[in-house]
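**Q** Structure: model.txt, compact mmCIF, C-alpha atoms and all ligand atoms.
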# COMPACT_ATOMS: atom_id res chain seq x y z
CA VAL A 7 -36.01 27.12 14.33
CA ASP A 8 -35.10 24.57 11.68
CA THR A 9 -33.97 26.00 8.35
CA TRP A 10 -34.30 24.16 5.03
CA LEU A 11 -32.65 25.09 1.74
CA VAL A 12 -33.58 23.43 -1.55
CA ASN A 13 -30.96 24.00 -4.24
CA GLY A 14 -29.64 26.86 -2.14
CA GLN A 15 -32.98 28.64 -1.61
CA VAL A 16 -35.05 28.70 1.59
CA ALA A 17 -37.96 26.35 0.88
CA ASP A 18 -40.20 23.82 2.57
CA ALA A 19 -41.09 21.58 -0.37
CA VAL A 20 -39.54 19.56 -3.19
CA PRO A 21 -41.07 18.65 -6.59
CA VAL A 22 -43.49 15.72 -6.40
CA SER A 23 -41.63 14.15 -9.34
CA ASP A 24 -38.39 13.90 -7.37
CA ARG A 25 -36.79 10.44 -7.53
CA GLY A 26 -35.70 10.71 -3.93
CA LEU A 27 -39.38 10.64 -2.99
CA ALA A 28 -40.41 8.04 -5.59
CA TYR A 29 -37.55 5.55 -5.17
CA GLY A 30 -35.27 6.76 -2.41
CA ASP A 31 -32.87 7.47 -5.29
CA GLY A 32 -30.32 9.51 -3.40
CA LEU A 33 -28.02 9.84 -0.42
CA PHE A 34 -27.81 11.76 2.82
CA GLU A 35 -25.37 12.86 5.49
CA THR A 36 -26.02 13.91 9.07
CA ILE A 37 -23.26 16.18 10.33
CA ALA A 38 -22.46 17.60 13.76
CA TRP A 39 -22.11 21.41 13.62
CA ARG A 40 -19.64 22.56 16.26
CA GLY A 41 -18.06 25.96 16.78
CA GLY A 42 -19.84 27.20 13.66
CA GLN A 43 -18.24 24.47 11.51
CA PRO A 44 -19.18 21.02 10.21
CA ARG A 45 -17.22 18.39 12.18
CA PHE A 46 -15.46 15.72 10.07
CA PHE A 47 -16.70 17.46 6.91
CA GLY A 48 -13.98 15.83 4.79
CA LEU A 49 -15.01 12.34 5.84
CA HIS A 50 -18.70 13.07 5.23
CA MET A 51 -17.86 14.40 1.76
CA GLU A 52 -15.77 11.32 0.98
CA ARG A 53 -18.71 9.01 1.73
CA LEU A 54 -21.11 11.21 -0.23
CA ALA A 55 -18.80 11.33 -3.25
CA GLU A 56 -18.32 7.54 -3.13
CA GLY A 57 -22.11 7.14 -2.98
CA CYS A 58 -22.64 9.39 -6.00
CA ARG A 59 -19.97 7.47 -7.89
CA ARG A 60 -21.57 4.11 -7.08
CA LEU A 61 -25.08 5.34 -7.90
CA GLY A 62 -23.80 6.89 -11.14
CA MET A 63 -24.97 10.42 -10.43
CA PRO A 64 -23.07 13.70 -10.43
CA ALA A 65 -21.54 14.57 -7.06
CA PRO A 66 -22.58 17.88 -5.53
CA ILE A 67 -20.02 20.67 -5.36
CA GLU A 68 -18.48 20.66 -1.91
CA ALA A 69 -18.16 24.46 -1.69
CA GLN A 70 -21.85 24.79 -2.55
CA LEU A 71 -22.87 22.41 0.25
CA LEU A 72 -20.65 24.29 2.67
CA ALA A 73 -22.17 27.62 1.59
CA ASP A 74 -25.69 26.16 2.03
CA MET A 75 -24.85 24.89 5.51
CA ARG A 76 -23.39 28.25 6.53
CA ALA A 77 -26.45 30.06 5.18
CA ALA A 78 -28.80 27.68 7.01
CA ALA A 79 -26.84 27.80 10.29
CA GLY A 80 -26.33 31.58 10.30
CA HIS A 81 -24.44 32.52 13.45
CA GLN A 82 -25.37 29.37 15.33
CA GLN A 83 -22.38 27.59 16.76
CA ARG A 84 -23.96 24.25 17.51
CA GLY A 85 -26.52 21.98 15.97
CA THR A 86 -27.02 19.33 13.33
CA ALA A 87 -26.71 19.78 9.58
CA ARG A 88 -28.38 17.35 7.21
CA ILE A 89 -27.59 17.06 3.52
CA MET A 90 -29.79 15.16 1.08
CA VAL A 91 -28.86 14.71 -2.55
CA THR A 92 -31.24 13.02 -4.98
CA ARG A 93 -31.04 12.22 -8.68
CA GLY A 94 -33.70 14.90 -9.16
CA SER A 95 -36.87 14.67 -11.21
CA GLY A 96 -37.48 12.40 -14.13
CA PRO A 97 -40.17 10.72 -16.22
CA ARG A 98 -42.12 7.83 -14.67
CA GLY A 99 -40.12 4.60 -14.37
CA TYR A 100 -36.89 3.41 -12.79
CA ALA A 101 -34.62 4.26 -15.73
CA PRO A 102 -32.33 7.05 -14.56
CA PRO A 103 -32.58 10.17 -16.73
CA PRO A 104 -29.51 10.35 -18.99
CA GLN A 105 -28.85 13.94 -17.92
CA PRO A 106 -29.93 14.07 -14.29
CA ALA A 107 -30.39 17.42 -12.56
CA PRO A 108 -29.70 16.44 -8.92
CA LEU A 109 -31.69 17.99 -6.10
CA ARG A 110 -29.76 19.35 -3.13
CA VAL A 111 -31.45 19.79 0.23
CA VAL A 112 -29.60 21.19 3.23
CA ALA A 113 -31.25 21.49 6.63
CA PHE A 114 -29.97 22.95 9.87
CA PHE A 115 -31.40 21.91 13.24
CA PRO A 116 -30.28 24.07 16.16
CA ALA A 117 -28.79 22.32 19.20
CA GLY A 118 -31.15 21.52 22.02
CA ALA A 119 -33.69 19.09 20.75
CA LEU A 120 -31.31 16.85 18.82
CA VAL A 121 -27.87 17.42 20.29
CA THR A 122 -26.94 17.21 23.95
CA GLU A 123 -24.48 19.66 25.45
CA VAL A 124 -22.94 17.05 27.71
CA ALA A 125 -21.78 13.49 27.15
CA LEU A 126 -24.70 11.12 26.76
CA PRO A 127 -25.09 8.55 29.54
CA ALA A 128 -24.27 4.92 28.77
CA ALA A 129 -27.10 3.40 26.75
CA SER A 130 -29.62 0.66 27.32
CA VAL A 131 -29.87 -1.34 24.11
CA ARG A 132 -32.19 -4.06 22.81
CA MET A 133 -32.11 -6.52 19.90
CA CYS A 134 -34.46 -5.88 16.95
CA ARG A 135 -36.35 -8.52 14.99
CA ALA A 136 -36.21 -6.43 11.80
CA THR A 137 -33.14 -7.31 9.72
CA VAL A 138 -30.77 -5.28 7.55
CA SER A 139 -31.06 -5.97 3.81
CA VAL A 140 -27.98 -7.39 2.13
CA ASN A 141 -26.77 -5.69 -1.04
CA PRO A 142 -23.04 -5.38 -1.72
CA LEU A 143 -23.70 -2.69 -4.36
CA LEU A 144 -25.11 -0.35 -1.71
CA ALA A 145 -23.23 -1.60 1.35
CA GLY A 146 -21.47 1.13 3.29
CA LEU A 147 -23.41 3.98 1.71
CA LYS A 148 -25.83 6.30 3.48
CA THR A 149 -28.62 5.88 0.95
CA LEU A 150 -32.13 7.31 1.29
CA GLY A 151 -34.95 4.76 1.62
CA ARG A 152 -33.97 3.31 5.00
CA LEU A 153 -37.09 1.23 5.59
CA ASP A 154 -35.13 -1.54 7.34
CA HIS A 155 -34.26 0.99 10.00
CA VAL A 156 -37.75 2.46 10.18
CA LEU A 157 -39.18 -1.03 10.85
CA ALA A 158 -36.52 -1.72 13.46
CA ARG A 159 -37.04 1.59 15.26
CA ALA A 160 -40.81 0.98 15.30
CA GLU A 161 -40.26 -2.08 17.52
CA TRP A 162 -39.91 -0.08 20.74
CA SER A 163 -41.23 3.11 22.28
CA ASP A 164 -39.68 2.88 25.75
CA PRO A 165 -37.65 6.13 26.04
CA GLN A 166 -35.21 4.32 28.35
CA ILE A 167 -34.04 2.21 25.39
CA ALA A 168 -31.57 4.31 23.42
CA GLU A 169 -30.87 1.96 20.53
CA GLY A 170 -31.67 -1.41 18.98
CA LEU A 171 -29.16 -3.73 17.33
CA MET A 172 -29.93 -5.22 13.92
CA ARG A 173 -28.79 -8.48 12.34
CA ASP A 174 -28.48 -9.44 8.68
CA PRO A 175 -30.72 -12.31 7.49
CA ALA A 176 -27.91 -14.80 8.23
CA GLY A 177 -27.90 -13.71 11.87
CA HIS A 178 -24.70 -11.65 12.01
CA VAL A 179 -25.04 -8.57 14.19
CA VAL A 180 -24.41 -5.59 11.87
CA CYS A 181 -25.28 -2.26 13.48
CA GLY A 182 -27.67 -0.20 15.57
CA THR A 183 -30.67 1.40 13.90
CA MET A 184 -28.73 4.67 13.71
CA SER A 185 -25.22 3.74 14.77
CA ASN A 186 -22.24 1.47 14.25
CA LEU A 187 -21.36 -1.13 16.85
CA PHE A 188 -18.03 -1.97 18.51
CA ALA A 189 -17.32 -4.84 20.90
CA VAL A 190 -14.21 -5.61 22.92
CA ARG A 191 -13.25 -9.29 23.31
CA ASP A 192 -9.99 -10.37 24.94
CA GLY A 193 -8.82 -6.75 24.71
CA ARG A 194 -9.35 -6.68 20.92
CA LEU A 195 -11.66 -4.12 19.36
CA LEU A 196 -14.13 -5.76 16.97
CA THR A 197 -16.63 -4.14 14.64
CA PRO A 198 -18.90 -5.74 12.02
CA GLU A 199 -17.48 -5.90 8.52
CA LEU A 200 -19.72 -3.89 6.17
CA ASN A 201 -19.05 -5.26 2.68
CA ARG A 202 -22.54 -6.66 2.22
CA CYS A 203 -24.74 -4.31 4.25
CA GLY A 204 -24.66 -1.48 6.77
CA VAL A 205 -23.45 2.12 6.73
CA ARG A 206 -19.73 2.85 6.91
CA GLY A 207 -19.95 5.49 9.62
CA VAL A 208 -17.77 8.55 9.74
CA MET A 209 -17.34 8.10 13.49
CA ARG A 210 -16.56 4.40 12.95
CA ARG A 211 -13.63 5.46 10.80
CA VAL A 212 -12.49 8.05 13.34
CA VAL A 213 -12.65 5.46 16.12
CA MET A 214 -10.77 2.80 14.11
CA ARG A 215 -7.97 5.29 13.37
CA ALA A 216 -7.81 6.42 17.00
CA ALA A 217 -7.64 2.79 18.14
CA GLN A 218 -4.75 2.09 15.78
CA ASP A 219 -2.94 5.19 17.09
CA LEU A 220 -3.42 3.88 20.63
CA GLY A 221 -1.99 0.50 19.66
CA ILE A 222 -5.34 -1.25 20.17
CA ASP A 223 -5.80 -4.26 17.91
CA VAL A 224 -8.89 -3.59 15.75
CA ALA A 225 -10.59 -6.02 13.35
CA GLU A 226 -13.62 -6.00 11.05
CA VAL A 227 -15.39 -9.31 11.62
CA PHE A 228 -18.69 -11.19 11.53
CA LEU A 229 -20.17 -10.73 15.00
CA SER A 230 -22.50 -13.33 16.48
CA ASP A 231 -25.00 -12.99 19.33
CA ASP A 232 -22.48 -14.95 21.38
CA ASP A 233 -19.76 -12.37 20.68
CA ILE A 234 -22.11 -9.67 21.98
CA VAL A 235 -23.04 -11.63 25.10
CA LYS A 236 -19.39 -12.43 25.86
CA ALA A 237 -18.04 -8.96 25.03
CA GLU A 238 -16.14 -7.21 27.82
CA GLU A 239 -17.22 -3.82 26.50
CA LEU A 240 -19.74 -2.59 23.95
CA PHE A 241 -20.16 0.86 22.46
CA LEU A 242 -22.04 2.61 19.69
CA THR A 243 -20.86 5.40 17.41
CA ASN A 244 -22.29 7.96 15.06
CA ALA A 245 -21.35 11.46 13.95
CA LEU A 246 -23.57 13.08 16.59
CA ILE A 247 -23.13 10.87 19.65
CA GLY A 248 -19.43 10.17 19.20
CA VAL A 249 -18.55 7.12 21.33
CA ARG A 250 -21.51 6.05 23.46
CA PRO A 251 -20.93 3.12 25.84
CA VAL A 252 -23.59 0.44 26.22
CA ALA A 253 -24.57 -0.06 29.86
CA HIS A 254 -27.18 -2.77 29.27
CA PHE A 255 -27.94 -5.05 26.36
CA GLU A 256 -31.17 -7.04 26.74
CA GLY A 257 -30.86 -6.49 30.48
CA ARG A 258 -27.26 -7.75 30.71
CA PRO A 259 -24.92 -5.16 32.28
CA TYR A 260 -21.68 -3.99 30.64
CA ALA A 261 -18.93 -1.93 32.25
CA ILE A 262 -17.35 1.10 30.61
CA GLY A 263 -14.05 -0.71 30.25
CA PRO A 264 -10.47 0.36 29.49
CA VAL A 265 -10.74 0.37 25.66
CA THR A 266 -13.93 2.50 25.62
CA GLY A 267 -12.37 4.71 28.29
CA ALA A 268 -9.13 5.23 26.34
CA LEU A 269 -11.01 6.07 23.15
CA ARG A 270 -13.28 8.53 24.95
CA ARG A 271 -10.23 10.17 26.52
CA VAL A 272 -8.50 10.76 23.19
CA LEU A 273 -11.64 11.61 21.21
CA GLY A 274 -13.54 13.50 23.91
CA ALA A 275 -16.67 11.95 25.37
CA ASN A 276 -18.79 13.60 22.70
CA VAL A 277 -15.80 14.08 20.41
CA GLU A 278 -15.59 17.76 21.29
CA GLU A 279 -11.89 18.31 20.71
CA CYS A 280 -11.38 16.02 17.75
CA ARG A 281 -11.20 17.36 14.21
CA ALA A 282 -10.67 15.46 10.97
C1 LIG B 301 -27.50 2.48 10.08
C2 LIG B 301 -26.44 3.43 10.48
N1 LIG B 301 -25.20 2.96 10.68
C3 LIG B 301 -24.21 3.79 11.05
C4 LIG B 301 -24.42 5.14 11.28
C5 LIG B 301 -23.27 6.00 11.74
O1 LIG B 301 -22.74 6.79 10.71
P1 LIG B 301 -21.97 8.14 11.05
O2 LIG B 301 -20.86 7.80 11.99
O3 LIG B 301 -21.48 8.60 9.72
O4 LIG B 301 -22.96 9.07 11.67
C6 LIG B 301 -25.68 5.66 11.07
C7 LIG B 301 -25.91 7.09 11.29
O5 LIG B 301 -27.00 7.57 11.39
C8 LIG B 301 -26.73 4.79 10.68
O6 LIG B 301 -27.97 5.24 10.49
Rewrite the structure of this file - the entire thing - as structure tokens.

**A**
Amino acid sequence: VDTWLVNGQVADAVPVSDRGLAYGDGLFETIAWRGGQPRFFGLHMERLAEGCRRLGMPAPIEAQLLADMRAAAGHQQRGTARIMVTRGSGPRGYAPPPQPAPLRVVAFFPAGALVTEVALPAASVRMCRATVSVNPLLAGLKTLGRLDHVLARAEWSDPQIAEGLMRDPAGHVVCGTMSNLFAVRDGRLLTPELNRCGVRGVMRRVVMRAAQDLGIDVAEVFLSDDDIVKAEELFLTNALIGVRPVAHFEGRPYAIGPVTGALRRVLGANVEECRA
């Protein structure tokens, strides 16, 4: 069963005056729980702290989040932990309360429904019409209020399609609805630069480091449709799926090539062995 804690207490509701509900005024993290521990916890906490800093709200205490996750997970070894932090309740209006009392929600979802035990098969991927909003002030953060992604994910219901790619309004390919994108061209690993929009994924960072360690040339670039069509390899990343190769994009086949293969070998297909 799923377990939810609100400010450390088992609960299934938050105050109706919460700014996370009213404005999406907050942040979240989705974390793989493996061997009774949060995987890449340090990297998730770095992004969350950076988000709190940029939104001008107090950062949650790391030890408290860890204690919440452990309480919610109990003895379960495997699953998904989700953290949501909002600026808390306030009077009507956008003005942030001068002394915010942040709300902390921690959920634990047991493995099974949301997490596969084995490596996911290579994905079939489509292109979305819905675009990613550009805002350098929020770029990179995992903010609440992800309506761009809700609209994009509403574009398909075919269970064979695992993910949809999204462009910014200028037409650069930025990400998947719930993942970061990597392409290999001429043996070089390319991933969209995320200074104006997109989420700076924890797994993206892990993959970029691993690539550097392997001596693979990696660059953050503006990716065009043409780059995607001409890519030798394509793969998607997020904290739960690890490195997931793309087998088909808009019907075009892609091979699981040497760069994707090397990264999956060092990171584990579903990043089982890797810790950060
Ligand atoms: C839009 C978007 N980009 C990237 C990611 C990947 O981030 P992470 O690797 O931290 O899971 C996600 C994760 O859900 C996402 O929703």

**Q** Name the residues in contact with A:Arg84 at a cut-off of 6 Å, using all atoms listed in the file, excluding same-chain residues fewer than 6 positions from it; report them as a PyMOL selection string.

**A** chain A and resi 39-40+117

**Q** Could you please determine the separation between atom CA of A:Thr183 and atom CA of A:Pro198 in Å, to one decimal place?

**A**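 Interatomic distance, atom CA of A:Thr183 to atom CA of A:Pro198: 13.9 Å.
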
**Q** Calculate, to one decimal in Å, the centre and edge lengths of the box along x, y and z of the file that holds all listed atoms of ligand LIG 301 (chain B) with 3 Å of margin on each side, and present them as lines of an AutoDock Vina configuration file.

**A**
center_x = -24.4
center_y = 5.8
center_z = 10.9
size_x = 13.1
size_y = 12.6
size_z = 8.3

**Q** Atom CA of A:Arg110 and atom CA of A:Pro66, how far apart in Å?

**A** 7.7 Å

**Q** Give me, please, the distance in Å between atom CA of A:Asp231 and atom CA of A:Ala136, quoted to one decimal.

**A** 15.0 Å

**Q** Could you report the residues within 7 Å of ligand LIG 301 (chain B), using only C-alpha atoms and all ligand atoms, as a list in words?

**A**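 These are the residues that qualify: Thr36, His50, His155, Cys181, Gly182, Thr183, Met184, Ser185, Asn186, Gly204, Val205, Arg206, Gly207, Val208, Met209, Arg210, Thr243, Asn244, Ala245 and Leu246 of chain A.
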
**Q** When distances are computed from all atoms listed in the file, which of A:Ala55, A:Ile37, A:Leu61, A:Leu27 shows the smallest separation from A:Gly96?

**A** A:Leu27

**Q** Counting only C-alpha atoms, what is within 10 Å of A:Ala79, bar same-chain residues fewer than 2 positions away, as a VMD selection string?

**A** chain A and resid 8 to 10 39 42 to 43 73 to 77 81 to 87 113 to 116

**Q** Between A:Ser23, A:Thr266, A:Ser139, A:Ser230, which residue has the minimum interatomic distance to A:Arg202, considering all atoms listed in the file?

**A**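 Closest candidate: A:Ser139.
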
**Q** Check the smallest atom-to-atom distance from each of A:Ala261, A:Leu126, A:Met133, A:Leu144 to A:Val190 using only C-alpha atoms, then report the winner.

**A**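 Nearest candidate to A:Val190 out of A:Ala261, A:Leu126, A:Met133, A:Leu144: A:Ala261.
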
**Q** Counting all atoms listed in the file, which residue out of A:Leu269, A:Arg258, A:Leu196, A:Gly30 sits closest to A:Asp219?

**A**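 Nearest candidate to A:Asp219 out of A:Leu269, A:Arg258, A:Leu196, A:Gly30: A:Leu269.
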
**Q** When distances are computed from all atoms listed in the file, which of A:Ala19, A:Val252, A:Ala129, A:Val212 shows the smallest separation from A:Gly48?

**A**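 The shortest atom-to-atom distance to A:Gly48 comes from A:Val212.
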
**Q** So which residues touch A:Val180 within 9 Å, counting only C-alpha atoms, skipping near sequence neighbours fewer than 6 positions away, as a short mmCIF file (atom, residue, chain, number, x, y, z; two decimals) with C-alpha atoms, keeping the file's coordinate frame?

**A**
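Written out: around_28.cif:
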data_model
loop_
_atom_site.label_atom_id
_atom_site.label_comp_id
_atom_site.auth_asym_id
_atom_site.auth_seq_id
_atom_site.Cartn_x
_atom_site.Cartn_y
_atom_site.Cartn_z
CA VAL A 138 -30.77 -5.28 7.55
CA LEU A 171 -29.16 -3.73 17.33
CA MET A 172 -29.93 -5.22 13.92
CA ARG A 173 -28.79 -8.48 12.34
CA ASP A 174 -28.48 -9.44 8.68
CA ASN A 186 -22.24 1.47 14.25
CA LEU A 187 -21.36 -1.13 16.85
CA THR A 197 -16.63 -4.14 14.64
CA PRO A 198 -18.90 -5.74 12.02
CA GLU A 199 -17.48 -5.90 8.52
CA LEU A 200 -19.72 -3.89 6.17
CA CYS A 203 -24.74 -4.31 4.25
CA GLY A 204 -24.66 -1.48 6.77
CA PHE A 228 -18.69 -11.19 11.53
CA LEU A 229 -20.17 -10.73 15.00
#

**Q** Using only C-alpha atoms, which residue out of A:Pro264, A:Leu109, A:Asp192, A:Glu256 lies closest to A:Asp233?

**A**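 Result for the nearest residue to A:Asp233: A:Asp192.
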
**Q** Do you know which residues are at most 10 Å from A:Glu56 counting all atoms listed in the file, after dropping those on the same chain fewer than 4 positions away, and could you put them as a count of residues only?

**A** 8

**Q** Once you've located stretch 168-192 of chain A in the structure I gave, write it as a PDB file, in the first residue's frame, keeping N, CA, C and O atoms.

**A**
ATOM      1  N   ALA A 168       6.049   4.634 -24.956  1.00  0.00           N
ATOM      2  CA  ALA A 168       6.551   4.809 -23.593  1.00  0.00           C
ATOM      3  C   ALA A 168       6.760   6.277 -23.231  1.00  0.00           C
ATOM      4  O   ALA A 168       6.678   6.651 -22.060  1.00  0.00           O
ATOM      5  N   GLU A 169       7.038   7.109 -24.218  1.00  0.00           N
ATOM      6  CA  GLU A 169       7.386   8.489 -23.899  1.00  0.00           C
ATOM      7  C   GLU A 169       7.150   9.374 -25.115  1.00  0.00           C
ATOM      8  O   GLU A 169       7.142   8.901 -26.262  1.00  0.00           O
ATOM      9  N   GLY A 170       6.959  10.667 -24.848  1.00  0.00           N
ATOM     10  CA  GLY A 170       6.833  11.655 -25.912  1.00  0.00           C
ATOM     11  C   GLY A 170       7.885  12.728 -25.716  1.00  0.00           C
ATOM     12  O   GLY A 170       8.148  13.143 -24.587  1.00  0.00           O
ATOM     13  N   LEU A 171       8.510  13.152 -26.817  1.00  0.00           N
ATOM     14  CA  LEU A 171       9.494  14.233 -26.730  1.00  0.00           C
ATOM     15  C   LEU A 171       8.787  15.576 -26.823  1.00  0.00           C
ATOM     16  O   LEU A 171       7.746  15.702 -27.467  1.00  0.00           O
ATOM     17  N   MET A 172       9.361  16.586 -26.164  1.00  0.00           N
ATOM     18  CA  MET A 172       8.786  17.928 -26.152  1.00  0.00           C
ATOM     19  C   MET A 172       9.818  18.927 -26.667  1.00  0.00           C
ATOM     20  O   MET A 172      11.000  18.817 -26.392  1.00  0.00           O
ATOM     21  N   ARG A 173       9.306  19.933 -27.414  1.00  0.00           N
ATOM     22  CA  ARG A 173      10.164  21.007 -27.906  1.00  0.00           C
ATOM     23  C   ARG A 173       9.869  22.276 -27.112  1.00  0.00           C
ATOM     24  O   ARG A 173       8.794  22.414 -26.527  1.00  0.00           O
ATOM     25  N   ASP A 174      10.786  23.241 -27.170  1.00  0.00           N
ATOM     26  CA  ASP A 174      10.468  24.580 -26.669  1.00  0.00           C
ATOM     27  C   ASP A 174       9.755  25.327 -27.795  1.00  0.00           C
ATOM     28  O   ASP A 174       9.667  24.817 -28.920  1.00  0.00           O
ATOM     29  N   PRO A 175       9.220  26.520 -27.534  1.00  0.00           N
ATOM     30  CA  PRO A 175       8.461  27.214 -28.583  1.00  0.00           C
ATOM     31  C   PRO A 175       9.300  27.545 -29.813  1.00  0.00           C
ATOM     32  O   PRO A 175       8.754  27.730 -30.896  1.00  0.00           O
ATOM     33  N   ALA A 176      10.622  27.606 -29.675  1.00  0.00           N
ATOM     34  CA  ALA A 176      11.484  27.882 -30.834  1.00  0.00           C
ATOM     35  C   ALA A 176      11.770  26.621 -31.643  1.00  0.00           C
ATOM     36  O   ALA A 176      12.417  26.697 -32.694  1.00  0.00           O
ATOM     37  N   GLY A 177      11.323  25.461 -31.142  1.00  0.00           N
ATOM     38  CA  GLY A 177      11.481  24.241 -31.923  1.00  0.00           C
ATOM     39  C   GLY A 177      12.661  23.362 -31.514  1.00  0.00           C
ATOM     40  O   GLY A 177      12.870  22.314 -32.119  1.00  0.00           O
ATOM     41  N   HIS A 178      13.422  23.781 -30.502  1.00  0.00           N
ATOM     42  CA  HIS A 178      14.498  22.903 -30.022  1.00  0.00           C
ATOM     43  C   HIS A 178      13.885  21.750 -29.235  1.00  0.00           C
ATOM     44  O   HIS A 178      12.957  21.958 -28.455  1.00  0.00           O
ATOM     45  N   VAL A 179      14.429  20.557 -29.435  1.00  0.00           N
ATOM     46  CA  VAL A 179      13.949  19.396 -28.687  1.00  0.00           C
ATOM     47  C   VAL A 179      14.600  19.437 -27.305  1.00  0.00           C
ATOM     48  O   VAL A 179      15.830  19.529 -27.190  1.00  0.00           O
ATOM     49  N   VAL A 180      13.765  19.413 -26.249  1.00  0.00           N
ATOM     50  CA  VAL A 180      14.267  19.682 -24.891  1.00  0.00           C
ATOM     51  C   VAL A 180      14.306  18.442 -24.002  1.00  0.00           C
ATOM     52  O   VAL A 180      15.260  18.235 -23.250  1.00  0.00           O
ATOM     53  N   CYS A 181      13.257  17.628 -24.056  1.00  0.00           N
ATOM     54  CA  CYS A 181      13.152  16.534 -23.070  1.00  0.00           C
ATOM     55  C   CYS A 181      12.016  15.601 -23.455  1.00  0.00           C
ATOM     56  O   CYS A 181      11.294  15.839 -24.414  1.00  0.00           O
ATOM     57  N   GLY A 182      11.857  14.533 -22.673  1.00  0.00           N
ATOM     58  CA  GLY A 182      10.649  13.731 -22.706  1.00  0.00           C
ATOM     59  C   GLY A 182       9.687  14.279 -21.679  1.00  0.00           C
ATOM     60  O   GLY A 182      10.055  15.148 -20.879  1.00  0.00           O
ATOM     61  N   THR A 183       8.445  13.791 -21.678  1.00  0.00           N
ATOM     62  CA  THR A 183       7.481  14.325 -20.706  1.00  0.00           C
ATOM     63  C   THR A 183       7.938  14.061 -19.280  1.00  0.00           C
ATOM     64  O   THR A 183       7.616  14.824 -18.376  1.00  0.00           O
ATOM     65  N   MET A 184       8.687  12.975 -19.074  1.00  0.00           N
ATOM     66  CA  MET A 184       9.138  12.638 -17.717  1.00  0.00           C
ATOM     67  C   MET A 184      10.591  12.167 -17.716  1.00  0.00           C
ATOM     68  O   MET A 184      10.992  11.388 -16.850  1.00  0.00           O
ATOM     69  N   SER A 185      11.360  12.654 -18.668  1.00  0.00           N
ATOM     70  CA  SER A 185      12.736  12.162 -18.787  1.00  0.00           C
ATOM     71  C   SER A 185      13.610  13.178 -19.502  1.00  0.00           C
ATOM     72  O   SER A 185      13.109  14.074 -20.168  1.00  0.00           O
ATOM     73  N   ASN A 186      14.905  13.015 -19.345  1.00  0.00           N
ATOM     74  CA  ASN A 186      15.882  13.755 -20.146  1.00  0.00           C
ATOM     75  C   ASN A 186      16.255  12.909 -21.358  1.00  0.00           C
ATOM     76  O   ASN A 186      16.113  11.687 -21.352  1.00  0.00           O
ATOM     77  N   LEU A 187      16.748  13.605 -22.376  1.00  0.00           N
ATOM     78  CA  LEU A 187      17.039  12.984 -23.659  1.00  0.00           C
ATOM     79  C   LEU A 187      18.535  13.066 -23.968  1.00  0.00           C
ATOM     80  O   LEU A 187      19.165  14.101 -23.728  1.00  0.00           O
ATOM     81  N   PHE A 188      19.081  11.983 -24.486  1.00  0.00           N
ATOM     82  CA  PHE A 188      20.460  11.968 -24.995  1.00  0.00           C
ATOM     83  C   PHE A 188      20.445  11.430 -26.415  1.00  0.00           C
ATOM     84  O   PHE A 188      19.687  10.505 -26.728  1.00  0.00           O
ATOM     85  N   ALA A 189      21.307  12.006 -27.263  1.00  0.00           N
ATOM     86  CA  ALA A 189      21.461  11.531 -28.641  1.00  0.00           C
ATOM     87  C   ALA A 189      22.942  11.347 -28.910  1.00  0.00           C
ATOM     88  O   ALA A 189      23.769  12.100 -28.389  1.00  0.00           O
ATOM     89  N   VAL A 190      23.283  10.366 -29.707  1.00  0.00           N
ATOM     90  CA  VAL A 190      24.673  10.176 -30.134  1.00  0.00           C
ATOM     91  C   VAL A 190      24.761  10.547 -31.615  1.00  0.00           C
ATOM     92  O   VAL A 190      23.984  10.028 -32.431  1.00  0.00           O
ATOM     93  N   ARG A 191      25.672  11.483 -31.930  1.00  0.00           N
ATOM     94  CA  ARG A 191      25.945  11.845 -33.331  1.00  0.00           C
ATOM     95  C   ARG A 191      27.440  11.855 -33.545  1.00  0.00           C
ATOM     96  O   ARG A 191      28.161  12.535 -32.810  1.00  0.00           O
ATOM     97  N   ASP A 192      27.889  11.123 -34.545  1.00  0.00           N
ATOM     98  CA  ASP A 192      29.324  10.981 -34.848  1.00  0.00           C
ATOM     99  C   ASP A 192      30.094  10.555 -33.599  1.00  0.00           C
ATOM    100  O   ASP A 192      31.176  11.084 -33.321  1.00  0.00           O
TER     101      ASP A 192
END
